[in-house]
Structure formats: structure tokens, C-alpha cells
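Below you'll find the structure, written out as C-alpha cells, and then a few comments.
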Amino acid sequence: MNLDIKIIKDTLMVRVGGEMDMLVADQLRYEIDRVIRGKNIRNLILDMEAVTFMDSAGLAVILGRYKKMAASGGKMYIIKARPGVKKVLELSGVDKLVAICTDEKDIINL
Amino acid sequence: MNLDIKIIKDTLMVRVGGEMDMLVADQLRYEIDRVIRGKNIRNLILDMEAVTFMDSAGLAVILGRYKKMAASGGKMYIIKARPGVKKVLELSGVDKLVAICTDEKDIINL
Amino acid sequence: MRLKNHVRLEFFSRPENVSLARTCAAACAAQVDCTLDEMEEIKLVVSEAVSNCIIHGYDNRADEKIVMELNLYENENLEIIIYDYGRGIDDIDQALQPAYSSVPGHMGMGFVFMKSFMDYMNVESSPGDGTTVKLTRNLGQRSNQALA
Amino acid sequence: MRLKNHVRLEFFSRPENVSLARTCAAACAAQVDCTLDEMEEIKLVVSEAVSNCIIHGYDNRADEKIVMELNLYENENLEIIIYDYGRGIDDIDQALQPAYSSVPGHMGMGFVFMKSFMDYMNVESSPGDGTTVKLTRNLGQRSNQALA
Ligand SMILES: Nc1ncnc2c1ncn2[C@@H]1O[C@H](COP(=O)(O)OP(=O)(O)O)[C@@H](O)[C@H]1O
Ligand SMILES: Nc1ncnc2c1ncn2[C@@H]1O[C@H](COP(=O)(O)OP(=O)(O)O)[C@@H](O)[C@H]1O
């Protein structure tokens, strides 16, 4: 898994690459939560362009981060997800909670 | 395996793609020999740019085609082989028989 | 129906083997002219079933045995059988409920994905002895279309 | 040395399974931080050994059984054991000679590649009962270098 986390003002930008399965779920969860902790993050943008595979372990990380953001009144967005990843987000209903956007521009228009 | 065979004057240009192993060796041998048969081919250029893997089954096809060309006084060249493929050609000594060239220009300078 | 290929993969219950198992299943599926979508879906269901063996069957203990059997038939049906020798499932009906998970923080979507993406799913389990998931999917859609 | 991972792949003696076996071995090698060169070399030796089982062990009969065992140790040694239950080798010394092949048109380079690319190779065979090739390679060069 590749992971790149950046804070821009009150927005956390997370770029993940590789396969999001149970092998990397714990680390991914840990790294994101570590950065969020104590900061006033209002938006979490998850850039999934480089995610080649995701199963329900990856999905659980996303749902958990969504709940965290929602609890503090923040928002979560997913951008650039591939068709296969999108299918999993939709079938699980996670797309009803987390906005699935084409790219950053799409978020601004939301 | 992808295979593209072209005749330009007395030169046979063979482009192979994919993995050259025992699964495709027979077909590759058959297709090349079918085109050569009855024609006055002086040069055989094997473009290996898209070959991602080759084992000794693929090597045997190359050696066989080299022998065929040599028997009729023709020449054989390999171009654009990747490092992994080149290593196999060298370790087997096939590079002493078939000229391993960078690209078409390299052949003309030979 | 005649068997075209049979592959049996046995491996330790380690998280890194989830990807090994799905790679192997995809390589087997690739032996018929299946679509990329089909391959991705095969990977997903294998990932779910194998992760379940590790997480639920063996409570995340490494070094326990998981088996995946792949049977590819002449009619391009791919049968995937995945089993463990772990704790088993007491109430299969409950386990199959969407969003049900016995472990907090988990999605409870594994069986939902397996059912949605495969033509057939069967779960057998004897508590204390292990769980077997049998999945079947026909991969011949594309060649059937070409014939029509 | 402690075992980090154990994978056992059993499959039919079909040409399309040569690539399945090497993909599986490469996926196992990828579990340690090995180089791309190492991965390619692992693929090559598996390809040679499995092709030999099919061509020589079983005279190209499909549907016979080939087994590949992968043992990955804590010290990043990868042990690959490939065996068949086929015709076996009468004269192993002769078989190991570079350029020797019992089948015309073959290179006789399989064992040469296995020996060159691996740290250790052992061939055992009982004529009529089958052949076992054991190959070992340390994949820890890169992490050892990083430590130095
Ligand atoms: N191999 C298994 N061994 C024991 N229990 C299992 C196994 N597979 C599934 N289960 C049970 O079925 C439940 C539902 O599984 P699933 O739909 O995959 O969701 P999740 O894995 O997210 O819990 C699990 O929570 C577990 O209780
Ligand atoms: N699994 C096997 N079963 C029976 N004979 C084998 C096996 N592997 C190798 N051999 C014998 O060893 C010889 C040399 O093998 P190798 O170096 O791989 O070259 P090649 O496969 O090109 O013949 C083969 O020609 C064959 O006679």
C-alpha cells in the first residue's frame, strides 16, 4: 500500500495506492486517525485513483472514517475511484453516506 | 500471446507479445514457419519489446528459427528485448548465434 | 460436466495470503476468455471468503490451514471451494444477513458480495470443525455472445 | 529456521498451469521485499521445473498431478519444491548436463537455469515413481544491504 496524507487548511487529503484489503486495513486506519487526532478537520478527501482492488476490509476503513467525520460535523468525499472500486462502494450502500466524486472540481460543485 | 507477422521485401518482421512459454511455443513456431515456407526470406527480425517473460520453451522456438534461417543462408536478429529476456538469451548462449540489437537502426549499422 | 482444470491451493492463515489466493483464482479464471469485470469479481469473492477464514474461522491466528479448490469445467463454469478447520458458524441464517457481523467494526457484507457476484453460493459449517464456502460462476458469457 | 509462510499448490499437468504456478510463486516471493530481478528469476525456474513435469514426467499427458510447495523462512530464504509422479529420471548426472535433452528440439537448459538462478538445487528421482526438484534462494539481499 502507498499512502500520502496532506492537510490543506481544514481539509485532510488522503491518497491511497495499491490493494485495500485486510493486510493493510489496520495500518491505513491508524495512519489516518493519527493525523486527524486533535486537529479541526472539516473535510476528508480520499483519492482512490491508484487503488487497484478493494474488499470489505477496505470498505470498513472508509465507513469508520466517515462515522468519525460525521460525528464531528465534518464531511467525507471519495474521488477518482475506478469502476471496480465504485461497484463495491455502491453495492454496500457506502455511496449513500460518502459522496463519490469524479475529482476535486466535482466536490466544489457539490 | 500476441503475434504480428509482416513481410517487407526479403525480410520477415515478427512482433511477439506476452509470455513465451510452452503454452504458446507450438503456435508461434507454426505461424512463423507457415509464412516463411516457399518464400525467399533473407532476414528474420524478431521484435520482443512486448515479451514480458520467456523460458527455455520460447528459447527453443528462437533457436529453431535461427537454424532454419542459417540453413538457407539467411540471418536472424532480435530487437528490443527487455533485460530479463536478454539475460535468458545470454545465459543460454543463443546471443552468440542470433544478433541481439537495440532496435532496427542497430541492425542497419551491424 | 467434464473438468478442464483443477487447482488446489493450501496456505497459512496469514493476511498476506489473501492477495496470493485471489491472484491464483484470477490466474485460473484468465484461462477462459473472461472479462476484466468477471476477473475483478472473482478476486473480490475470494478475498472475502479467505479473509473470513482468517478473521472468523481462526480468530486471526496465523499458521492455521486454509484450502482453496478451483474447478474449471468445459462449459466454463468456475467452481471455487474455500474452507477452514476453524471455529465454524453456529447460525448460518444469521451469518448470511446483510450487515450482520459477529465482530464489531466489520461490514457484514462478505456473504452479500459473494452472493451478488456469483451464480451460486453455498455455506456449510460444523461448529468447532470448520466452514466451507462453495461458489460457482459461469465465465462463458463472452464466448456465448460471440456464438449468438 | 522458523517458517514465515507455507503455500502448497496442486494442479493438473496442463500447459496453461505453468503460468499459474509461476504467478503463484512470484506472489509468494513478493511477500518479502525482493527485487524485480529476483522475482523474474523465480518465475523462470518455476516455469522450467513445471514444464519438465509436464513434458518429461508425464509425456505431455494432461490431468496428471503436479505439486509445488513454497516455504518462506524468517531469514527470507524461499524454498521451492516441485514434484510429479511421472516417469522419473534414469540418469540424473546426464540429465543435469548443459544442453542435454531426451526430447529433440528442446534446449536442455532447464536445469542450467535452475542452478544459475538459485542458491541451491537438488534433484531426486525414482524411475517410474516421479521426480522432485528442490530449489532455494535467499531473497533478503536488499534488506541485508539496507542494514549494512
Ligand atoms: N469462515 C468462517 N468461520 C467462522 N465464521 C464465519 C466464517 N465466515 C463467516 N463467518 C460468520 O459470518 C458472519 C458474516 O460474514 P460476512 O458476511 O463475511 O461479514 P463480516 O466478515 O464482515 O463479518 C461473520 O461475522 C462470522 O460470524
Ligand atoms: N520432471 C521430470 N521427469 C522426467 N524427466 C525429467 C524431468 N525433468 C527433467 N527431466 C530430464 O532431464 C533432462 C534435462 O532437463 P532440462 O535441463 O530441463 O532440459 P529440457 O527440458 O530442455 O530437456 C530432460 O530432457 C529429461 O530427460
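FYI, nothing fancy with the C-alpha cells labels: chains A, B, ... in order, residues from 1 per chain, ligands from 1 as they appear.
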So which residues of chain A fall under alpha helix (DSSP H) by DSSP, listed as a PyMOL selection string?
chain A and resi 22-36+56-71+83-91+104-109
Could you turn the residues from that selection into a file that holds N, CA and C atoms, as a CSV table (one decimal), in the first residue's frame?
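Wrote out37.csv, looks like this:
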```
chain,number,residue,atom,x,y,z
A,22,MET,N,-7.5,-6.7,4.0
A,22,MET,CA,-7.3,-6.8,5.4
A,22,MET,C,-5.8,-6.7,5.8
A,23,LEU,N,-4.9,-6.9,4.8
A,23,LEU,CA,-3.5,-6.8,5.1
A,23,LEU,C,-3.1,-5.4,5.5
A,24,VAL,N,-3.7,-4.4,4.9
A,24,VAL,CA,-3.4,-3.0,5.1
A,24,VAL,C,-4.4,-2.2,5.8
A,25,ALA,N,-5.5,-2.8,6.1
A,25,ALA,CA,-6.6,-2.0,6.7
A,25,ALA,C,-6.2,-1.4,8.1
A,26,ASP,N,-5.6,-2.1,8.9
A,26,ASP,CA,-5.2,-1.6,10.3
A,26,ASP,C,-4.3,-0.4,10.1
A,27,GLN,N,-3.3,-0.6,9.3
A,27,GLN,CA,-2.3,0.5,9.1
A,27,GLN,C,-2.9,1.8,8.6
A,28,LEU,N,-3.8,1.6,7.6
A,28,LEU,CA,-4.5,2.7,6.9
A,28,LEU,C,-5.4,3.4,8.0
A,29,ARG,N,-6.1,2.7,8.7
A,29,ARG,CA,-7.0,3.2,9.8
A,29,ARG,C,-6.1,4.0,10.8
A,30,TYR,N,-5.1,3.4,11.2
A,30,TYR,CA,-4.2,4.0,12.2
A,30,TYR,C,-3.6,5.3,11.7
A,31,GLU,N,-3.0,5.3,10.5
A,31,GLU,CA,-2.4,6.5,10.0
A,31,GLU,C,-3.3,7.7,9.8
A,32,ILE,N,-4.5,7.4,9.3
A,32,ILE,CA,-5.5,8.5,9.1
A,32,ILE,C,-5.9,9.1,10.4
A,33,ASP,N,-6.2,8.2,11.4
A,33,ASP,CA,-6.7,8.6,12.7
A,33,ASP,C,-5.6,9.4,13.4
A,34,ARG,N,-4.4,9.0,13.2
A,34,ARG,CA,-3.3,9.7,13.9
A,34,ARG,C,-3.2,11.1,13.5
A,35,VAL,N,-3.4,11.4,12.2
A,35,VAL,CA,-3.3,12.7,11.6
A,35,VAL,C,-4.5,13.6,12.0
A,36,ILE,N,-5.6,12.9,12.0
A,36,ILE,CA,-6.9,13.7,12.4
A,36,ILE,C,-6.9,14.1,13.8
A,56,SER,N,-14.2,-5.8,1.5
A,56,SER,CA,-15.0,-5.2,2.6
A,56,SER,C,-14.1,-4.8,3.8
A,57,ALA,N,-12.8,-5.2,3.8
A,57,ALA,CA,-11.9,-4.7,4.9
A,57,ALA,C,-11.6,-3.3,4.6
A,58,GLY,N,-11.4,-3.0,3.3
A,58,GLY,CA,-11.1,-1.6,2.9
A,58,GLY,C,-12.3,-0.7,3.1
A,59,LEU,N,-13.4,-1.3,2.7
A,59,LEU,CA,-14.7,-0.6,2.9
A,59,LEU,C,-14.9,-0.2,4.4
A,60,ALA,N,-14.6,-1.1,5.3
A,60,ALA,CA,-14.8,-0.9,6.7
A,60,ALA,C,-14.0,0.3,7.2
A,61,VAL,N,-12.8,0.5,6.6
A,61,VAL,CA,-11.9,1.6,7.0
A,61,VAL,C,-12.6,2.9,6.5
A,62,ILE,N,-13.2,2.9,5.3
A,62,ILE,CA,-13.9,4.1,4.8
A,62,ILE,C,-15.1,4.4,5.7
A,63,LEU,N,-15.9,3.4,5.9
A,63,LEU,CA,-17.1,3.6,6.8
A,63,LEU,C,-16.7,4.2,8.1
A,64,GLY,N,-15.7,3.6,8.7
A,64,GLY,CA,-15.2,4.1,10.0
A,64,GLY,C,-14.8,5.5,10.0
A,65,ARG,N,-14.1,5.9,9.0
A,65,ARG,CA,-13.6,7.3,8.9
A,65,ARG,C,-14.8,8.2,8.6
A,66,TYR,N,-15.7,7.8,7.8
A,66,TYR,CA,-17.0,8.6,7.6
A,66,TYR,C,-17.7,8.8,8.9
A,67,LYS,N,-17.8,7.8,9.7
A,67,LYS,CA,-18.5,8.0,11.0
A,67,LYS,C,-17.8,9.0,11.9
A,68,LYS,N,-16.5,8.9,11.9
A,68,LYS,CA,-15.7,9.8,12.7
A,68,LYS,C,-15.9,11.3,12.2
A,69,MET,N,-15.8,11.4,10.9
A,69,MET,CA,-16.0,12.8,10.4
A,69,MET,C,-17.4,13.3,10.7
A,70,ALA,N,-18.4,12.4,10.5
A,70,ALA,CA,-19.8,12.8,10.7
A,70,ALA,C,-20.1,13.2,12.1
A,71,ALA,N,-19.4,12.5,13.1
A,71,ALA,CA,-19.6,12.7,14.5
A,71,ALA,C,-19.2,14.1,14.9
A,83,PRO,N,-13.9,2.0,-11.7
A,83,PRO,CA,-15.2,1.3,-11.8
A,83,PRO,C,-15.4,0.1,-10.8
A,84,GLY,N,-14.4,-0.7,-10.7
A,84,GLY,CA,-14.4,-1.9,-9.8
A,84,GLY,C,-14.6,-1.5,-8.4
A,85,VAL,N,-13.9,-0.5,-8.0
A,85,VAL,CA,-14.0,0.0,-6.6
A,85,VAL,C,-15.3,0.7,-6.4
A,86,LYS,N,-15.8,1.4,-7.4
A,86,LYS,CA,-17.1,2.1,-7.3
A,86,LYS,C,-18.2,1.1,-7.1
A,87,LYS,N,-18.1,0.0,-7.8
A,87,LYS,CA,-19.1,-1.0,-7.7
A,87,LYS,C,-19.3,-1.5,-6.3
A,88,VAL,N,-18.1,-1.7,-5.6
A,88,VAL,CA,-18.1,-2.2,-4.2
A,88,VAL,C,-18.7,-1.1,-3.3
A,89,LEU,N,-18.4,0.1,-3.5
A,89,LEU,CA,-18.9,1.2,-2.7
A,89,LEU,C,-20.5,1.3,-2.9
A,90,GLU,N,-20.9,1.1,-4.1
A,90,GLU,CA,-22.4,1.2,-4.4
A,90,GLU,C,-23.1,0.0,-3.8
A,91,LEU,N,-22.6,-1.2,-4.1
A,91,LEU,CA,-23.3,-2.4,-3.6
A,91,LEU,C,-23.5,-2.4,-2.1
A,104,GLU,N,-11.6,16.7,-7.7
A,104,GLU,CA,-11.7,17.8,-6.8
A,104,GLU,C,-12.7,18.8,-7.3
A,105,LYS,N,-12.7,19.1,-8.6
A,105,LYS,CA,-13.7,20.1,-9.1
A,105,LYS,C,-15.1,19.7,-8.8
A,106,ASP,N,-15.4,18.4,-8.9
A,106,ASP,CA,-16.7,17.8,-8.7
A,106,ASP,C,-17.1,18.1,-7.2
A,107,ILE,N,-16.2,18.1,-6.3
A,107,ILE,CA,-16.5,18.4,-4.9
A,107,ILE,C,-17.0,19.8,-4.7
A,108,ILE,N,-16.3,20.7,-5.3
A,108,ILE,CA,-16.6,22.1,-5.2
A,108,ILE,C,-18.0,22.4,-5.7
A,109,ASN,N,-18.3,21.7,-6.8
A,109,ASN,CA,-19.7,21.9,-7.4
A,109,ASN,C,-20.8,21.3,-6.6
```
Please identify all polymer residues within 10 Å of Met1 in chain D, counting only C-alpha atoms, omitting same-chain residues fewer than 4 positions from it, and present them as a VMD selection string.
chain D and resid 72 to 77
Set the distance at 9 Å and use only C-alpha atoms: which residues neighbour Phe12 in chain C once local chain neighbours fewer than 3 positions away are removed? I'd like the list as a PyMOL selection string.
(chain C and resi 15+17+62-67) or (chain D and resi 5-7)
Keeping only N, CA and C atoms, write the selected residues to a file as a PDB file, in the first residue's frame.
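Resulting contents of part_6.pdb:
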```
ATOM      1  N   PRO C  15      -2.645 -12.742   6.666  1.00  0.00           N
ATOM      2  CA  PRO C  15      -3.243 -11.681   5.839  1.00  0.00           C
ATOM      3  C   PRO C  15      -2.594 -11.553   4.463  1.00  0.00           C
ATOM      4  N   ASN C  17      -1.624 -13.786   2.563  1.00  0.00           N
ATOM      5  CA  ASN C  17      -2.067 -14.833   1.645  1.00  0.00           C
ATOM      6  C   ASN C  17      -3.446 -14.581   1.037  1.00  0.00           C
ATOM      7  N   ALA C  62      -2.326 -16.893  12.943  1.00  0.00           N
ATOM      8  CA  ALA C  62      -1.596 -17.234  11.725  1.00  0.00           C
ATOM      9  C   ALA C  62      -1.297 -18.740  11.767  1.00  0.00           C
ATOM     10  N   ASP C  63      -0.712 -19.291  10.714  1.00  0.00           N
ATOM     11  CA  ASP C  63      -0.204 -20.669  10.700  1.00  0.00           C
ATOM     12  C   ASP C  63      -1.272 -21.745  10.793  1.00  0.00           C
ATOM     13  N   GLU C  64      -2.542 -21.379  10.630  1.00  0.00           N
ATOM     14  CA  GLU C  64      -3.572 -22.413  10.508  1.00  0.00           C
ATOM     15  C   GLU C  64      -3.820 -22.646   9.015  1.00  0.00           C
ATOM     16  N   LYS C  65      -4.477 -23.752   8.697  1.00  0.00           N
ATOM     17  CA  LYS C  65      -4.588 -24.137   7.287  1.00  0.00           C
ATOM     18  C   LYS C  65      -5.887 -23.691   6.620  1.00  0.00           C
ATOM     19  N   ILE C  66      -5.728 -23.059   5.467  1.00  0.00           N
ATOM     20  CA  ILE C  66      -6.874 -22.702   4.618  1.00  0.00           C
ATOM     21  C   ILE C  66      -6.682 -23.386   3.264  1.00  0.00           C
ATOM     22  N   VAL C  67      -7.764 -23.863   2.687  1.00  0.00           N
ATOM     23  CA  VAL C  67      -7.680 -24.525   1.385  1.00  0.00           C
ATOM     24  C   VAL C  67      -8.609 -23.834   0.396  1.00  0.00           C
TER      25      VAL C  67
ATOM     26  N   ASN D   5       5.942 -18.497   5.990  1.00  0.00           N
ATOM     27  CA  ASN D   5       4.769 -18.802   5.189  1.00  0.00           C
ATOM     28  C   ASN D   5       4.935 -20.155   4.521  1.00  0.00           C
ATOM     29  N   HIS D   6       3.815 -20.830   4.338  1.00  0.00           N
ATOM     30  CA  HIS D   6       3.827 -22.110   3.645  1.00  0.00           C
ATOM     31  C   HIS D   6       2.639 -22.138   2.696  1.00  0.00           C
ATOM     32  N   VAL D   7       2.929 -22.424   1.448  1.00  0.00           N
ATOM     33  CA  VAL D   7       1.894 -22.493   0.427  1.00  0.00           C
ATOM     34  C   VAL D   7       2.102 -23.764  -0.373  1.00  0.00           C
TER      35      VAL D   7
END
```
As a PyMOL selection string, could you give me every residue of chain C near chain A (at most 7 Å apart, counting only C-alpha atoms)?
chain C and resi 15-16+40+44+47-48+105-107+109-110
Residues contacting ligand 1 - anything with an atom at most 7 Å away, using only C-alpha atoms and all ligand atoms - can you give me those as a PyMOL selection string?
(chain A and resi 56) or (chain C and resi 48-49+52-53+56-57+83-84+86-89+95-96+98-103+106-112+130-131)
Expected answer as a PyMOL selection string: strand (DSSP E) residues in chain B:
chain B and resi 2-8+11-20+43-54+75-79+99-101
Can you spit out the residues from that selection as a short mmCIF file (atom, residue, chain, number, x, y, z; two decimals), in the first residue's frame, using N, CA, C and O atoms?
```
data_model
loop_
_atom_site.label_atom_id
_atom_site.label_comp_id
_atom_site.auth_asym_id
_atom_site.auth_seq_id
_atom_site.Cartn_x
_atom_site.Cartn_y
_atom_site.Cartn_z
N ASN B 2 0.35 -12.34 -28.24
CA ASN B 2 0.00 -11.55 -29.42
C ASN B 2 1.07 -11.80 -30.47
O ASN B 2 2.24 -11.92 -30.15
N LEU B 3 0.64 -11.84 -31.73
CA LEU B 3 1.59 -12.15 -32.79
C LEU B 3 1.23 -11.32 -34.01
O LEU B 3 0.07 -11.24 -34.42
N ASP B 4 2.25 -10.67 -34.56
CA ASP B 4 2.03 -9.84 -35.74
C ASP B 4 3.18 -10.12 -36.69
O ASP B 4 4.35 -9.93 -36.35
N ILE B 5 2.87 -10.65 -37.88
CA ILE B 5 3.92 -11.04 -38.83
C ILE B 5 3.75 -10.24 -40.12
O ILE B 5 2.65 -10.15 -40.66
N LYS B 6 4.85 -9.64 -40.58
CA LYS B 6 4.83 -8.81 -41.79
C LYS B 6 6.01 -9.17 -42.67
O LYS B 6 7.10 -9.41 -42.16
N ILE B 7 5.83 -9.16 -43.98
CA ILE B 7 6.97 -9.34 -44.88
C ILE B 7 7.26 -8.01 -45.57
O ILE B 7 6.35 -7.40 -46.14
N ILE B 8 8.51 -7.54 -45.46
CA ILE B 8 8.92 -6.32 -46.15
C ILE B 8 10.08 -6.72 -47.05
O ILE B 8 11.17 -7.01 -46.55
N THR B 11 12.54 -9.48 -45.99
CA THR B 11 12.66 -9.52 -44.53
C THR B 11 11.34 -9.88 -43.86
O THR B 11 10.30 -9.32 -44.20
N LEU B 12 11.42 -10.83 -42.93
CA LEU B 12 10.23 -11.18 -42.15
C LEU B 12 10.32 -10.47 -40.81
O LEU B 12 11.30 -10.61 -40.09
N MET B 13 9.29 -9.67 -40.51
CA MET B 13 9.26 -8.93 -39.26
C MET B 13 8.22 -9.58 -38.35
O MET B 13 7.03 -9.55 -38.65
N VAL B 14 8.69 -10.17 -37.24
CA VAL B 14 7.78 -10.85 -36.32
C VAL B 14 7.73 -10.09 -35.00
O VAL B 14 8.76 -9.87 -34.37
N ARG B 15 6.53 -9.66 -34.61
CA ARG B 15 6.34 -8.99 -33.33
C ARG B 15 5.56 -9.91 -32.40
O ARG B 15 4.44 -10.27 -32.70
N VAL B 16 6.19 -10.28 -31.29
CA VAL B 16 5.51 -11.15 -30.33
C VAL B 16 5.21 -10.35 -29.07
O VAL B 16 5.98 -9.47 -28.69
N GLY B 17 4.11 -10.66 -28.44
CA GLY B 17 3.77 -10.01 -27.18
C GLY B 17 3.29 -11.03 -26.17
O GLY B 17 2.74 -12.06 -26.54
N GLY B 18 3.53 -10.77 -24.89
CA GLY B 18 3.06 -11.67 -23.84
C GLY B 18 4.15 -12.58 -23.32
O GLY B 18 5.32 -12.21 -23.31
N GLU B 19 3.77 -13.77 -22.92
CA GLU B 19 4.70 -14.69 -22.29
C GLU B 19 5.06 -15.83 -23.23
O GLU B 19 4.20 -16.56 -23.70
N MET B 20 6.35 -15.98 -23.52
CA MET B 20 6.80 -17.04 -24.44
C MET B 20 7.19 -18.28 -23.64
O MET B 20 8.35 -18.45 -23.26
N ASN B 43 16.12 -12.25 -44.19
CA ASN B 43 16.29 -11.77 -42.80
C ASN B 43 15.04 -12.03 -41.98
O ASN B 43 13.93 -11.82 -42.46
N LEU B 44 15.26 -12.46 -40.74
CA LEU B 44 14.13 -12.59 -39.82
C LEU B 44 14.41 -11.67 -38.64
O LEU B 44 15.42 -11.82 -37.94
N ILE B 45 13.56 -10.67 -38.46
CA ILE B 45 13.70 -9.77 -37.31
C ILE B 45 12.60 -10.08 -36.30
O ILE B 45 11.42 -10.04 -36.64
N LEU B 46 13.03 -10.43 -35.10
CA LEU B 46 12.06 -10.74 -34.04
C LEU B 46 12.01 -9.58 -33.06
O LEU B 46 13.00 -9.31 -32.35
N ASP B 47 10.90 -8.88 -33.06
CA ASP B 47 10.72 -7.73 -32.16
C ASP B 47 10.12 -8.25 -30.84
O ASP B 47 8.99 -8.69 -30.80
N MET B 48 10.93 -8.19 -29.77
CA MET B 48 10.50 -8.77 -28.49
C MET B 48 10.09 -7.73 -27.46
O MET B 48 10.00 -8.02 -26.27
N GLU B 49 9.85 -6.50 -27.91
CA GLU B 49 9.54 -5.42 -26.98
C GLU B 49 8.41 -5.78 -26.01
O GLU B 49 8.47 -5.48 -24.83
N ALA B 50 7.38 -6.46 -26.54
CA ALA B 50 6.20 -6.73 -25.71
C ALA B 50 6.25 -8.11 -25.04
O ALA B 50 5.26 -8.57 -24.48
N VAL B 51 7.41 -8.77 -25.11
CA VAL B 51 7.53 -10.08 -24.44
C VAL B 51 7.89 -9.84 -22.97
O VAL B 51 8.95 -9.30 -22.66
N THR B 52 7.00 -10.23 -22.09
CA THR B 52 7.18 -9.95 -20.66
C THR B 52 7.87 -11.09 -19.93
O THR B 52 8.35 -10.93 -18.81
N PHE B 53 7.92 -12.26 -20.59
CA PHE B 53 8.53 -13.42 -19.94
C PHE B 53 8.93 -14.42 -21.01
O PHE B 53 8.21 -14.62 -21.99
N MET B 54 10.09 -15.05 -20.84
CA MET B 54 10.48 -16.13 -21.76
C MET B 54 11.26 -17.19 -21.00
O MET B 54 12.18 -16.89 -20.25
N LYS B 75 19.70 -14.53 -42.24
CA LYS B 75 20.14 -14.00 -40.95
C LYS B 75 18.96 -13.78 -40.02
O LYS B 75 17.85 -13.53 -40.46
N MET B 76 19.25 -13.85 -38.72
CA MET B 76 18.19 -13.59 -37.75
C MET B 76 18.65 -12.56 -36.73
O MET B 76 19.79 -12.58 -36.29
N TYR B 77 17.76 -11.65 -36.38
CA TYR B 77 18.05 -10.59 -35.42
C TYR B 77 16.93 -10.54 -34.37
O TYR B 77 15.77 -10.77 -34.69
N ILE B 78 17.31 -10.19 -33.15
CA ILE B 78 16.31 -9.91 -32.13
C ILE B 78 16.43 -8.45 -31.75
O ILE B 78 17.55 -7.95 -31.54
N ILE B 79 15.32 -7.73 -31.70
CA ILE B 79 15.38 -6.32 -31.28
C ILE B 79 14.48 -6.08 -30.07
O ILE B 79 13.51 -6.79 -29.85
N ALA B 99 21.89 -12.19 -33.51
CA ALA B 99 22.34 -10.87 -33.09
C ALA B 99 21.26 -10.18 -32.25
O ALA B 99 20.11 -10.07 -32.68
N ILE B 100 21.64 -9.76 -31.03
CA ILE B 100 20.70 -9.07 -30.14
C ILE B 100 20.91 -7.57 -30.35
O ILE B 100 21.95 -7.03 -29.97
N CYS B 101 19.95 -6.91 -30.96
CA CYS B 101 20.10 -5.50 -31.31
C CYS B 101 19.14 -4.63 -30.52
O CYS B 101 18.08 -5.09 -30.10
#
```
Please measure the separation of CA of Cys34 in chain C and CA of Tyr120 in chain C, giving the value in Å to one decimal.
17.6 Å
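In this model, the gap between CA of Lys43 in chain C and CA of Ile82 in chain D comes to 25.9 Å.
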As a VMD selection string, please: the residues near range 137-140 of chain D (cut-off 9 Å, only C-alpha atoms, same-chain neighbours under 4 positions excluded).
chain D and resid 29 32 to 35 38 42 75 to 80 117 to 120 144 to 145
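Of the residues listed (C:Glu69, C:Asp93, C:Glu41, C:Asp59), C:Glu69 shows the shortest atom-to-atom separation from chain D; distances use only C-alpha atoms.
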